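J.: Have a peek at upload_23.cif (mmCIF, C-alpha atoms).
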```cif
data_structure
loop_
_atom_site.label_atom_id
_atom_site.label_comp_id
_atom_site.auth_asym_id
_atom_site.auth_seq_id
_atom_site.Cartn_x
_atom_site.Cartn_y
_atom_site.Cartn_z
CA MET A 1 95.62 97.18 98.16
CA PHE A 2 97.95 99.84 99.49
CA SER A 3 101.46 101.26 99.26
CA VAL A 4 103.60 101.89 102.33
CA VAL A 5 105.98 104.83 101.75
CA ILE A 6 108.86 105.43 104.15
CA PRO A 7 111.40 108.25 103.71
CA ILE A 8 114.75 107.58 105.35
CA PHE A 9 117.90 109.53 106.08
CA ASN A 10 120.74 107.93 108.06
CA GLU A 11 118.71 105.18 109.74
CA GLU A 12 121.09 102.23 109.26
CA GLU A 13 120.60 100.80 112.76
CA ASN A 14 116.79 100.95 112.64
CA LEU A 15 116.04 99.49 109.22
CA GLU A 16 116.47 95.76 109.70
CA SER A 17 114.07 95.51 112.65
CA LEU A 18 111.63 97.97 111.03
CA ILE A 19 111.35 95.93 107.84
CA LYS A 20 110.71 92.73 109.81
CA GLU A 21 108.07 94.46 111.94
CA ILE A 22 106.27 95.85 108.91
CA TYR A 23 106.02 92.47 107.22
CA ASN A 24 105.03 90.73 110.46
CA SER A 25 102.28 93.30 111.03
CA LEU A 26 100.86 92.87 107.52
CA THR A 27 100.76 89.08 107.23
CA LYS A 28 97.01 89.02 106.54
CA TYR A 29 97.37 91.35 103.55
CA LYS A 30 98.36 90.10 100.10
CA ASP A 31 98.19 93.13 97.82
CA PHE A 32 100.53 95.77 99.14
CA GLU A 33 103.95 97.20 98.38
CA LEU A 34 106.67 98.68 100.55
CA ILE A 35 108.69 101.63 99.25
CA PHE A 36 111.75 103.10 100.94
CA VAL A 37 112.90 106.51 99.72
CA ASN A 38 116.57 107.00 100.57
CA ASP A 39 117.22 110.74 100.92
CA CYS A 40 120.95 110.54 100.18
CA SER A 41 121.85 108.85 103.46
CA LEU A 42 125.48 109.30 104.46
CA ASP A 43 125.66 106.08 106.49
CA ASN A 44 125.07 102.45 105.46
CA SER A 45 121.28 102.76 105.10
CA LEU A 46 121.34 101.92 101.40
CA LYS A 47 123.58 98.89 101.97
CA ILE A 48 121.26 97.64 104.71
CA LEU A 49 118.23 98.02 102.43
CA GLU A 50 119.92 96.21 99.56
CA LYS A 51 120.91 93.39 101.92
CA GLN A 52 117.36 93.07 103.25
CA LYS A 53 115.96 92.77 99.72
CA LYS A 54 117.34 89.23 99.70
CA ASN A 55 114.79 88.32 102.37
CA PHE A 56 111.94 90.76 101.78
CA GLU A 57 110.30 92.29 98.73
CA PHE A 58 110.29 96.10 98.54
CA LYS A 59 111.29 99.01 96.34
CA ILE A 60 114.25 101.29 96.96
CA LEU A 61 114.11 104.80 95.50
CA ASN A 62 117.19 106.99 95.77
CA ASN A 63 117.07 110.78 95.71
CA LYS A 64 119.85 112.38 93.69
CA THR A 65 120.29 115.05 96.36
CA ASN A 66 119.14 115.45 99.96
CA ILE A 67 115.71 117.02 99.45
CA GLY A 68 113.92 116.40 102.73
CA GLN A 69 110.93 114.48 104.02
CA SER A 70 108.11 116.06 102.02
CA PHE A 71 109.81 115.69 98.65
CA SER A 72 110.84 112.13 99.52
CA ILE A 73 107.25 111.23 100.37
CA LEU A 74 106.09 112.82 97.11
CA PHE A 75 108.69 110.84 95.15
CA GLY A 76 107.55 107.61 96.79
CA ILE A 77 103.87 108.31 96.19
CA LYS A 78 104.41 109.18 92.54
CA ASN A 79 106.14 105.83 92.10
CA SER A 80 103.53 103.80 94.00
CA LYS A 81 101.13 101.30 92.43
CA TYR A 82 98.09 101.74 94.65
CA ASN A 83 95.75 104.60 95.48
CA THR A 84 95.74 103.97 99.24
CA ILE A 85 98.94 105.34 100.78
CA VAL A 86 100.38 104.52 104.21
CA THR A 87 103.23 106.66 105.53
CA LEU A 88 105.41 106.21 108.58
CA ASP A 89 108.87 107.27 109.78
CA GLY A 90 111.97 105.19 109.25
CA ASP A 91 113.28 105.71 112.80
CA GLY A 92 111.18 102.97 114.39
CA GLN A 93 109.21 105.27 116.69
CA ASN A 94 105.97 104.57 114.82
CA ASN A 95 104.73 101.06 115.56
CA PRO A 96 103.95 99.16 112.32
CA TYR A 97 101.44 97.02 114.23
CA ASP A 98 99.15 100.08 114.25
CA ILE A 99 98.91 100.05 110.45
CA PRO A 100 96.09 97.43 110.27
CA LYS A 101 94.01 99.44 112.77
CA LEU A 102 94.27 102.61 110.66
CA LEU A 103 93.59 100.70 107.44
CA ARG A 104 90.46 99.13 108.93
CA PHE A 105 88.98 102.50 109.90
CA TYR A 106 89.98 103.96 106.54
CA ASN A 107 88.35 101.19 104.50
CA GLU A 108 85.24 100.53 106.57
CA ASN A 109 84.13 104.13 107.13
CA ASN A 110 84.88 105.81 103.79
CA PHE A 111 87.40 108.21 105.24
CA PHE A 112 89.90 109.87 102.92
CA LEU A 113 92.56 110.30 105.62
CA VAL A 114 93.06 108.44 108.89
CA GLY A 115 95.93 109.67 111.04
CA GLY A 116 97.65 108.54 114.20
CA ILE A 117 97.70 110.45 117.47
CA ARG A 118 100.75 109.79 119.64
CA LEU A 119 98.97 109.68 122.98
CA LYS A 120 102.07 108.91 125.07
CA ARG A 121 105.04 110.34 123.22
CA LYS A 122 108.49 108.97 123.98
CA ASP A 123 110.52 112.07 123.10
CA ASN A 124 112.49 114.50 125.25
CA ALA A 125 110.60 117.13 127.23
CA ILE A 126 111.57 120.07 124.99
CA LYS A 127 110.33 118.30 121.87
CA ILE A 128 107.07 117.25 123.51
CA ILE A 129 106.29 120.71 124.92
CA SER A 130 107.18 122.56 121.71
CA SER A 131 105.10 120.10 119.71
CA LYS A 132 102.07 120.52 121.97
CA ILE A 133 102.26 124.30 121.63
CA ALA A 134 102.66 124.10 117.85
CA ASN A 135 99.79 121.62 117.55
CA PHE A 136 97.50 123.82 119.64
CA ILE A 137 98.23 126.95 117.60
CA ARG A 138 97.97 125.13 114.28
CA SER A 139 94.72 123.38 115.18
CA LYS A 140 93.09 126.65 116.27
CA PHE A 141 94.35 128.53 113.20
CA LEU A 142 93.48 125.90 110.60
CA GLN A 143 90.55 124.16 112.36
CA ASP A 144 91.84 120.78 111.21
CA GLY A 145 90.43 118.75 114.12
CA CYS A 146 93.79 117.07 114.70
CA GLN A 147 95.78 117.31 117.93
CA ASP A 148 98.94 115.68 116.54
CA THR A 149 99.47 116.44 112.87
CA GLY A 150 103.18 115.64 113.23
CA CYS A 151 102.56 111.91 113.60
CA SER A 152 103.90 110.37 110.40
CA LEU A 153 101.65 107.32 110.60
CA LYS A 154 98.81 108.12 108.22
CA VAL A 155 96.59 106.44 105.63
CA PHE A 156 95.23 108.60 102.83
CA ASP A 157 94.06 108.84 99.24
CA LYS A 158 96.88 109.18 96.71
CA ASN A 159 94.95 111.04 94.01
CA ILE A 160 93.64 113.65 96.42
CA PHE A 161 97.14 114.21 97.79
CA LEU A 162 98.61 114.69 94.32
CA ASN A 163 95.97 117.30 93.50
CA PHE A 164 97.04 119.55 96.39
CA GLU A 165 99.43 122.41 95.70
CA PHE A 166 102.71 120.88 96.81
CA PHE A 167 105.19 122.62 99.12
CA ASP A 168 108.05 121.54 101.36
CA GLY A 169 106.44 120.66 104.69
CA ILE A 170 103.10 119.51 103.25
CA HIS A 171 103.25 116.17 105.10
CA ARG A 172 102.63 117.96 108.41
CA PHE A 173 99.49 119.68 107.10
CA LEU A 174 97.62 116.84 105.42
CA PRO A 175 94.80 116.80 108.03
CA ALA A 176 94.15 120.52 107.41
CA LEU A 177 94.26 120.16 103.63
CA PHE A 178 91.99 117.11 103.48
CA ARG A 179 89.47 118.66 105.88
CA GLY A 180 89.72 122.10 104.29
CA PHE A 181 88.90 120.61 100.90
CA GLY A 182 85.85 118.83 102.33
CA TYR A 183 87.19 115.28 102.71
CA LYS A 184 86.33 113.16 105.77
CA THR A 185 89.19 112.58 108.20
CA PHE A 186 89.55 110.59 111.39
CA PHE A 187 92.26 110.17 114.04
CA LEU A 188 93.17 107.24 116.27
CA ASN A 189 95.48 106.88 119.25
CA VAL A 190 98.61 104.94 118.29
CA ASP A 191 101.72 103.65 119.99
CA HIS A 192 104.87 105.75 120.08
CA ARG A 193 108.26 104.35 120.99
CA LYS A 194 111.60 105.71 122.06
CA ARG A 195 114.17 106.10 119.34
CA LYS A 196 116.64 103.26 119.86
CA PHE A 197 119.36 104.45 117.51
CA GLY A 198 120.40 107.71 115.86
CA LYS A 199 118.90 111.10 116.53
CA SER A 200 116.16 113.34 115.19
CA LYS A 201 117.10 115.13 111.96
CA TYR A 202 114.97 118.22 112.56
CA GLY A 203 115.76 121.20 114.82
CA THR A 204 113.00 122.60 117.03
CA LEU A 205 113.61 126.28 116.21
CA LEU A 206 113.78 125.69 112.46
CA ARG A 207 110.57 123.67 112.55
CA LEU A 208 108.85 126.48 114.48
CA ILE A 209 109.86 129.13 111.92
CA ASN A 210 108.92 126.94 108.96
CA GLY A 211 105.69 125.88 110.68
CA VAL A 212 104.40 129.45 110.97
CA ARG A 213 105.22 130.11 107.32
CA ASP A 214 103.54 126.90 106.21
CA MET A 215 100.43 127.51 108.34
CA ILE A 216 99.83 130.77 106.49
CA LYS A 217 100.43 129.05 103.16
CA VAL A 218 97.95 126.27 103.95
CA LYS A 219 95.33 128.80 105.05
CA LYS A 220 95.70 130.58 101.71
CA ILE A 221 95.47 127.31 99.76
CA ILE A 222 92.24 126.36 101.56
CA ASN A 223 90.72 129.84 101.23
CA ASN A 224 91.54 129.96 97.52
CA TYR A 225 89.85 126.59 97.04
CA LYS A 226 86.73 127.75 98.90
CA ASN A 227 86.61 130.98 96.92
CA LEU A 228 86.77 129.06 93.66
CA LYS A 229 83.90 126.83 94.78
CA SER A 230 81.65 129.69 95.88
#
```
Spit out the file's structure as structure tokens when you get a sec.
T.:
Amino acid sequence: MFSVVIPIFNEEENLESLIKEIYNSLTKYKDFELIFVNDCSLDNSLKILEKQKKNFEFKILNNKTNIGQSFSILFGIKNSKYNTIVTLDGDGQNNPYDIPKLLRFYNENNFFLVGGIRLKRKDNAIKIISSKIANFIRSKFLQDGCQDTGCSLKVFDKNIFLNFEFFDGIHRFLPALFRGFGYKTFFLNVDHRKRKFGKSKYGTLLRLINGVRDMIKVKKIINNYKNLKS
């Protein structure tokens, strides 16, 4: 039993194929739900979702304002039925056929978070290089054991997630938070595909600035937890 939570913003051209892929990849599972969180898309994303509901069963949650990826994920998780959460991007770059592999490791080995590692990323050179630098610095600073925390494809425990101090950007630091709080994590190589339609919604410079701020915040959250335990 699990809930798949997907935040979307202006992904009208990617949604139809993504929905079909998700359901095709999960044919052996009976008890799961699919939740799309529409972050005030300005295109026809909502119309596409509503049209696809005639053929597939899933929830549509609509944010009242554009609040970003982290808050959208939180909104979806709070409205989910199951304690096992799967997250992935709505742009089609994550391959839904990797979901069963992550779920299997999660369920069979008593992990509390299993994340994907995009071994062969299909992004432009600037994005790949900046991401590698950011991942190296973050991993050294937070000791999270993860070389690609930016991969949205993850499986994790809902109740643990909801007990963390929430902040905008938390979805990129889940490996550090789970490990810092003493929960077992594991990471698997997953497929990564070129974006067919649309463009990335996040600027490299802004992500760098916010990433440094959030790294310090996460370090404080983990240290405060350890101090309370000692």
J.: Nearest to Ser139 (chain A) among A:Leu61, A:Leu177, A:Leu46, A:Leu188, with distances taken over all atoms listed in the file: which residue is it?
T.: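 Looking at the shortest contact to Ser139 (chain A), the residue is A:Leu177.
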J.: Looking at A:Phe71, A:Tyr225, A:Phe166, A:Tyr82, which one is nearest to Asp39 (chain A), with distances taken over all atoms listed in the file?
T.: A:Phe71
J.: Evaluate the PyMOL selection byres ((chain A and resi 180-186) around 6) on the structure here and hand back the selected residues as a VMD selection string.
T.: chain A and resid 111 to 114 176 to 179 187 222
J.: Counting only C-alpha atoms, which residue out of A:Ile48, A:Ile99, A:Val5, A:Ile22 sits closest to Gln69 (chain A)?
T.: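 The shortest atom-to-atom distance to Gln69 (chain A) comes from A:Val5.
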J.: Apply the PyMOL selection byres ((chain A and resi 73) around 8) to the displayed file and report the matching residues as a PyMOL selection string.
T.: chain A and resi 5-7+37+69-72+74-77+87+171
J.: By how many Å are CA of Leu88 (chain A) and CA of Leu18 (chain A) apart?
T.: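 Separation of CA of Leu88 (chain A) and CA of Leu18 (chain A): 10.6 Å.
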J.: How many Å separate CA of Lys132 (chain A) from CA of Asn38 (chain A)?
T.: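 Interatomic distance here is 29.2 Å.
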J.: Go through A:Gly90, A:Gly68, A:Gly211, A:Gly116 and flag the residue nearest Cys151 (chain A), using all atoms listed in the file for the distances.
T.: A:Gly116
J.: How far is it from CA of Asn210 (chain A) to CA of Leu174 (chain A), in Å with one decimal?
T.: 15.6 Å
J.: To test your reading of the syntax: which residues would the PyMOL selection byres ((chain A and resi 24) around 12) return for the file shown? Reply as a tab-separated table (two decimals) with C-alpha atoms, in the frame of the given file.
T.:
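Listed below is the output, result36.tsv:
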```tsv
chain	number	residue	atom	x	y	z
A	17	SER	CA	114.07	95.51	112.65
A	18	LEU	CA	111.63	97.97	111.03
A	19	ILE	CA	111.35	95.93	107.84
A	20	LYS	CA	110.71	92.73	109.81
A	21	GLU	CA	108.07	94.46	111.94
A	22	ILE	CA	106.27	95.85	108.91
A	23	TYR	CA	106.02	92.47	107.22
A	25	SER	CA	102.28	93.30	111.03
A	26	LEU	CA	100.86	92.87	107.52
A	27	THR	CA	100.76	89.08	107.23
A	28	LYS	CA	97.01	89.02	106.54
A	29	TYR	CA	97.37	91.35	103.55
A	56	PHE	CA	111.94	90.76	101.78
A	95	ASN	CA	104.73	101.06	115.56
A	96	PRO	CA	103.95	99.16	112.32
A	97	TYR	CA	101.44	97.02	114.23
A	98	ASP	CA	99.15	100.08	114.25
A	99	ILE	CA	98.91	100.05	110.45
A	100	PRO	CA	96.09	97.43	110.27
```
J.: Measuring between all atoms listed in the file, which one of A:Met1, A:Ile117, A:Ile137, A:Val155 shows the shortest distance to Phe32 (chain A)?
T.: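 Among the listed residues, the smallest separation from Phe32 (chain A) belongs to A:Met1.
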J.: Out of A:Phe164, A:Phe173, A:Phe105, A:Phe136, which residue has the shortest atom-to-atom distance to Ser152 (chain A) when counting only C-alpha atoms?
T.: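 Checking each candidate against Ser152 (chain A), we get A:Phe173 as the closest.
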J.: Give me the residues within 9 Å of Phe2 (chain A) as number ranges by chain, counting all atoms listed in the file and dropping any in the same chain fewer than 6 places off.
T.: A: 31-34, 80-86
J.: Once N, CA and C atoms are restored for region 51-83 of chain A, what would the output be as a PDB file, keeping the file's coordinate frame?
T.:
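Output file result.pdb follows:
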```
ATOM      1  N   LYS A  51     120.719  94.699 101.285  1.00  0.00           N
ATOM      2  CA  LYS A  51     120.910  93.390 101.920  1.00  0.00           C
ATOM      3  C   LYS A  51     119.582  92.761 102.295  1.00  0.00           C
ATOM      4  N   GLN A  52     118.655  93.575 102.818  1.00  0.00           N
ATOM      5  CA  GLN A  52     117.360  93.070 103.250  1.00  0.00           C
ATOM      6  C   GLN A  52     116.467  92.649 102.081  1.00  0.00           C
ATOM      7  N   LYS A  53     116.753  93.159 100.907  1.00  0.00           N
ATOM      8  CA  LYS A  53     115.960  92.770  99.720  1.00  0.00           C
ATOM      9  C   LYS A  53     116.140  91.298  99.382  1.00  0.00           C
ATOM     10  N   LYS A  54     117.151  90.661  99.923  1.00  0.00           N
ATOM     11  CA  LYS A  54     117.340  89.230  99.700  1.00  0.00           C
ATOM     12  C   LYS A  54     116.295  88.415 100.468  1.00  0.00           C
ATOM     13  N   ASN A  55     115.760  89.014 101.520  1.00  0.00           N
ATOM     14  CA  ASN A  55     114.790  88.320 102.370  1.00  0.00           C
ATOM     15  C   ASN A  55     113.368  88.855 102.245  1.00  0.00           C
ATOM     16  N   PHE A  56     113.246  90.122 101.858  1.00  0.00           N
ATOM     17  CA  PHE A  56     111.940  90.760 101.780  1.00  0.00           C
ATOM     18  C   PHE A  56     111.794  91.483 100.441  1.00  0.00           C
ATOM     19  N   GLU A  57     110.561  91.625 100.006  1.00  0.00           N
ATOM     20  CA  GLU A  57     110.300  92.290  98.730  1.00  0.00           C
ATOM     21  C   GLU A  57     109.893  93.746  98.977  1.00  0.00           C
ATOM     22  N   PHE A  58     110.650  94.685  98.461  1.00  0.00           N
ATOM     23  CA  PHE A  58     110.290  96.100  98.540  1.00  0.00           C
ATOM     24  C   PHE A  58     111.087  96.888  97.515  1.00  0.00           C
ATOM     25  N   LYS A  59     110.623  98.107  97.263  1.00  0.00           N
ATOM     26  CA  LYS A  59     111.290  99.010  96.340  1.00  0.00           C
ATOM     27  C   LYS A  59     112.256  99.922  97.098  1.00  0.00           C
ATOM     28  N   ILE A  60     113.343 100.272  96.437  1.00  0.00           N
ATOM     29  CA  ILE A  60     114.250 101.290  96.960  1.00  0.00           C
ATOM     30  C   ILE A  60     114.326 102.418  95.932  1.00  0.00           C
ATOM     31  N   LEU A  61     113.971 103.616  96.348  1.00  0.00           N
ATOM     32  CA  LEU A  61     114.110 104.800  95.500  1.00  0.00           C
ATOM     33  C   LEU A  61     115.202 105.671  96.104  1.00  0.00           C
ATOM     34  N   ASN A  62     116.094 106.165  95.278  1.00  0.00           N
ATOM     35  CA  ASN A  62     117.190 106.990  95.770  1.00  0.00           C
ATOM     36  C   ASN A  62     117.096 108.411  95.227  1.00  0.00           C
ATOM     37  N   ASN A  63     117.027 109.382  96.136  1.00  0.00           N
ATOM     38  CA  ASN A  63     117.070 110.780  95.710  1.00  0.00           C
ATOM     39  C   ASN A  63     118.480 111.116  95.218  1.00  0.00           C
ATOM     40  N   LYS A  64     118.545 111.974  94.214  1.00  0.00           N
ATOM     41  CA  LYS A  64     119.850 112.380  93.690  1.00  0.00           C
ATOM     42  C   LYS A  64     120.551 113.366  94.621  1.00  0.00           C
ATOM     43  N   THR A  65     119.759 114.134  95.352  1.00  0.00           N
ATOM     44  CA  THR A  65     120.290 115.050  96.360  1.00  0.00           C
ATOM     45  C   THR A  65     119.417 114.934  97.607  1.00  0.00           C
ATOM     46  N   ASN A  66     119.903 115.457  98.726  1.00  0.00           N
ATOM     47  CA  ASN A  66     119.140 115.450  99.960  1.00  0.00           C
ATOM     48  C   ASN A  66     118.045 116.514  99.878  1.00  0.00           C
ATOM     49  N   ILE A  67     116.799 116.074  99.726  1.00  0.00           N
ATOM     50  CA  ILE A  67     115.710 117.020  99.450  1.00  0.00           C
ATOM     51  C   ILE A  67     114.671 117.092 100.559  1.00  0.00           C
ATOM     52  N   GLY A  68     114.812 116.288 101.597  1.00  0.00           N
ATOM     53  CA  GLY A  68     113.920 116.400 102.730  1.00  0.00           C
ATOM     54  C   GLY A  68     112.733 115.444 102.694  1.00  0.00           C
ATOM     55  N   GLN A  69     111.993 115.454 103.799  1.00  0.00           N
ATOM     56  CA  GLN A  69     110.930 114.480 104.020  1.00  0.00           C
ATOM     57  C   GLN A  69     109.750 114.631 103.067  1.00  0.00           C
ATOM     58  N   SER A  70     109.281 115.856 102.876  1.00  0.00           N
ATOM     59  CA  SER A  70     108.110 116.060 102.020  1.00  0.00           C
ATOM     60  C   SER A  70     108.365 115.627 100.586  1.00  0.00           C
ATOM     61  N   PHE A  71     109.497 116.050 100.025  1.00  0.00           N
ATOM     62  CA  PHE A  71     109.810 115.690  98.650  1.00  0.00           C
ATOM     63  C   PHE A  71     110.057 114.186  98.519  1.00  0.00           C
ATOM     64  N   SER A  72     110.618 113.575  99.540  1.00  0.00           N
ATOM     65  CA  SER A  72     110.840 112.130  99.520  1.00  0.00           C
ATOM     66  C   SER A  72     109.510 111.379  99.524  1.00  0.00           C
ATOM     67  N   ILE A  73     108.574 111.842 100.339  1.00  0.00           N
ATOM     68  CA  ILE A  73     107.250 111.230 100.370  1.00  0.00           C
ATOM     69  C   ILE A  73     106.567 111.388  99.006  1.00  0.00           C
ATOM     70  N   LEU A  74     106.667 112.577  98.426  1.00  0.00           N
ATOM     71  CA  LEU A  74     106.090 112.820  97.110  1.00  0.00           C
ATOM     72  C   LEU A  74     106.684 111.878  96.066  1.00  0.00           C
ATOM     73  N   PHE A  75     107.990 111.719  96.085  1.00  0.00           N
ATOM     74  CA  PHE A  75     108.690 110.840  95.150  1.00  0.00           C
ATOM     75  C   PHE A  75     108.190 109.401  95.306  1.00  0.00           C
ATOM     76  N   GLY A  76     108.051 108.957  96.544  1.00  0.00           N
ATOM     77  CA  GLY A  76     107.550 107.610  96.790  1.00  0.00           C
ATOM     78  C   GLY A  76     106.129 107.419  96.308  1.00  0.00           C
ATOM     79  N   ILE A  77     105.280 108.410  96.583  1.00  0.00           N
ATOM     80  CA  ILE A  77     103.870 108.310  96.190  1.00  0.00           C
ATOM     81  C   ILE A  77     103.723 108.316  94.671  1.00  0.00           C
ATOM     82  N   LYS A  78     104.488 109.140  93.994  1.00  0.00           N
ATOM     83  CA  LYS A  78     104.410 109.180  92.540  1.00  0.00           C
ATOM     84  C   LYS A  78     104.843 107.867  91.908  1.00  0.00           C
ATOM     85  N   ASN A  79     105.665 107.107  92.615  1.00  0.00           N
ATOM     86  CA  ASN A  79     106.140 105.830  92.100  1.00  0.00           C
ATOM     87  C   ASN A  79     105.419 104.627  92.717  1.00  0.00           C
ATOM     88  N   SER A  80     104.294 104.875  93.368  1.00  0.00           N
ATOM     89  CA  SER A  80     103.530 103.800  94.000  1.00  0.00           C
ATOM     90  C   SER A  80     102.496 103.229  93.040  1.00  0.00           C
ATOM     91  N   LYS A  81     102.093 101.993  93.293  1.00  0.00           N
ATOM     92  CA  LYS A  81     101.130 101.300  92.430  1.00  0.00           C
ATOM     93  C   LYS A  81      99.685 101.550  92.840  1.00  0.00           C
ATOM     94  N   TYR A  82      99.451 101.750  94.124  1.00  0.00           N
ATOM     95  CA  TYR A  82      98.090 101.740  94.650  1.00  0.00           C
ATOM     96  C   TYR A  82      97.626 103.132  95.073  1.00  0.00           C
ATOM     97  N   ASN A  83      96.297 103.288  95.153  1.00  0.00           N
ATOM     98  CA  ASN A  83      95.750 104.600  95.480  1.00  0.00           C
ATOM     99  C   ASN A  83      95.662 104.846  96.987  1.00  0.00           C
TER     100      ASN A  83
END
```
